[in-house]
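A short write-up of the structure that comes next.
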Amino acid sequence: MNRKLIQLLFLILQNPFIGNFLTGRPHTGTTKSFCAPGLHCYSCPSMAFGCPLGVLQYVVKYARMIPYYAIGSIAAVAAFFGSATCGFVCPFGFFQEILHSISPWKNNKAVLPKGFRYIKWGILIVFVILVPALGVAQSFCAWICPTGTIFAGLPLIGVNKGLRASIGVTFYWKIILSTLIVLYVMREKRAFCRYLCPLGLMLGFFNKISLYQIKLNKNKCTTCKACQKSCPMGLDLPKEINSIDCIKCGDCIPSCPAEFSAISKGFTFSDRVEDPKTTLDLKHKQTSRH
Amino acid sequence: MKKVLIITIIFAVSVSFVVKSWTHEIDNYGTKEIDLVNSAGKTVCMSCIGLSDENIITYILNIFRSESSNSKEKK
């Protein structure tokens, strides 16, 4: 099935309460006890599920304890799928792709230097763990997360007069940051996922061992780099297939020249997970000797 | 086989974490972690939408204010 269609289905499945945008009140049913493995906001009126990052920070800040529920929810899904949920389930990932596809100033070749990818490590350690653990704030949600501003803050303020009285410095800061993120996403595909998303990073920790894998046939691969042009994360393919930054979307598969078809996807129980970086380096050395 | 074993262990630990959050009491009032999760989900999260006073400027100002008031009290 087409990936865009799967993303749309998951978007509808996660956001069935569209009518709540008119009332300005988020859904508060039992489904909110379950975390959906994607970046979205708790307070988004239509959202049926909880946000794993929101839960994590809330528990760390208010109970000063290890957030067993958030970690368990994320790891249970990631053990099977790794960060494939970023590519298929995440509403904000889908939003970014749509935004980029309709953007008049998109640049598919735009990629910031590799070092920028470490920003999300800093965000995870400082804003998702340390600052909430010090009891200061749910800092990722409060200061950085653009989904809260775009899909919850703005719609809620639009219909709920009571909330407008609470607008302050933080809100203006989040509006500015979210605008900058949206503008840059319109230029560079999935820029938020590439450089800022701590949830994608957490799911990516499981990429090498998860059951769902993007498989590279090293014997067929000619390292022509055709796959690299289609990667929404701007990775150095095929070396970085299943790397911590890979979202396992499989967009690289159809881009592989038909006569080779070196890349495939699916669940694998095999112990032997080939490291594309190592195998391709070896292959390059062998061919250069000849 | 090794991979299946690792994933089984990760999954089992994850499930035990989730079960613990539903069953383990975190204070003397019988509050469980899942109660915190539910309470977070059943209100408008003011932090998430940027309407909470959790801004770093206020936080730093409060530190200075409390320090200056403490020094005045000492004097």
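Chain labels A, B, ... are given in the sequence in which chains occur in the structure tokens; within each chain residues are numbered consecutively from 1, and ligands are likewise numbered from 1 in the order shown.
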
Hey, list the chain A side of the contact with chain B: 7 Å cut-off, only C-alpha atoms, answer as a JSON list (two decimals) with C-alpha atoms, in the first residue's frame.
[["chain", "number", "residue", "atom", "x", "y", "z"],
["A", 26, "PRO", "CA", -9.66, 18.06, 23.89],
["A", 28, "THR", "CA", -10.60, 13.03, 27.56],
["A", 32, "LYS", "CA", -5.82, 8.99, 26.17],
["A", 33, "SER", "CA", -4.21, 6.44, 28.52],
["A", 42, "TYR", "CA", -1.98, 15.75, 24.08],
["A", 43, "SER", "CA", -4.03, 18.91, 23.93],
["A", 50, "GLY", "CA", -1.53, 10.36, 24.55],
["A", 55, "VAL", "CA", 3.80, 11.55, 29.39],
["A", 59, "VAL", "CA", 5.91, 11.92, 35.11],
["A", 68, "TYR", "CA", 8.09, 3.42, 33.18],
["A", 69, "TYR", "CA", 4.92, 3.87, 31.17],
["A", 72, "GLY", "CA", 7.67, 0.77, 28.10],
["A", 73, "SER", "CA", 5.25, 2.06, 25.46],
["A", 75, "ALA", "CA", 10.27, 0.32, 23.57],
["A", 76, "ALA", "CA", 7.43, -2.18, 23.00],
["A", 79, "ALA", "CA", 11.33, -3.54, 19.31],
["A", 137, "ALA", "CA", 9.34, 22.68, 33.33],
["A", 138, "GLN", "CA", 8.09, 20.16, 30.79],
["A", 141, "CYS", "CA", 6.63, 20.64, 25.25],
["A", 142, "ALA", "CA", 6.72, 24.07, 26.82],
["A", 148, "GLY", "CA", 1.54, 21.80, 20.58],
["A", 149, "THR", "CA", 1.54, 25.32, 19.18],
["A", 152, "ALA", "CA", -3.40, 22.66, 19.96],
["A", 153, "GLY", "CA", -2.39, 26.19, 21.01],
["A", 166, "SER", "CA", -2.96, 33.23, 29.56],
["A", 167, "ILE", "CA", -0.95, 34.28, 26.51],
["A", 168, "GLY", "CA", 2.52, 35.35, 27.58],
["A", 170, "THR", "CA", 6.34, 31.53, 26.26],
["A", 171, "PHE", "CA", 3.51, 31.52, 23.76],
["A", 174, "LYS", "CA", 6.71, 29.18, 20.60],
["A", 209, "ILE", "CA", 17.74, -4.82, 16.12],
["A", 269, "PHE", "CA", 14.16, -12.93, 12.16],
["A", 270, "SER", "CA", 17.68, -13.53, 10.88],
["A", 271, "ASP", "CA", 20.52, -12.97, 13.35]]

Selection: 6 Å around segment 213-218 of chain A, only C-alpha atoms, excl. self and same-chain fewer than 3 positions, as a PyMOL selection string
chain A and resi 221+262-266

Can you pull out every residue from segment 151-196 of chain A that DSSP, working from the backbone, puts in helix (DSSP H, G or I), and format the result as a VMD selection string?
chain A and resid 151 to 159 161 to 164 169 to 187 191 to 195

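Backbone DSSP over segment 198-257 of chain A gives strand (DSSP E or B) for A:Tyr212, A:Gln213, A:Ile214, A:Lys215, A:Leu216.
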
Could you name the residues that touch segment 242-252 of chain A at 9 Å or less, counting only C-alpha atoms, but leaving out those on the same chain fewer than 4 positions away, as a count of residues only?
42

What separation in Å, quoted to one decimal, exists between atom CA of Thr179 of chain A and atom CA of Ile150 of chain A?
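Atom-to-atom, atom CA of Thr179 of chain A and atom CA of Ile150 of chain A are spaced 9.1 Å apart.
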
Give me the residues near Met47 of chain A as number ranges by chain, where near means some atom within 7 Å (using only C-alpha atoms) and where sequence neighbours in that chain fewer than 4 positions away do not count.
A: 14-17, 27, 42

What is the atom CA of Ile144 of chain A-atom CA of Val77 of chain A distance in Å, reported with one decimal?
24.7 Å

Interatomic distance between atom CA of Cys51 of chain A and atom CA of Phe95 of chain A?
16.5 Å
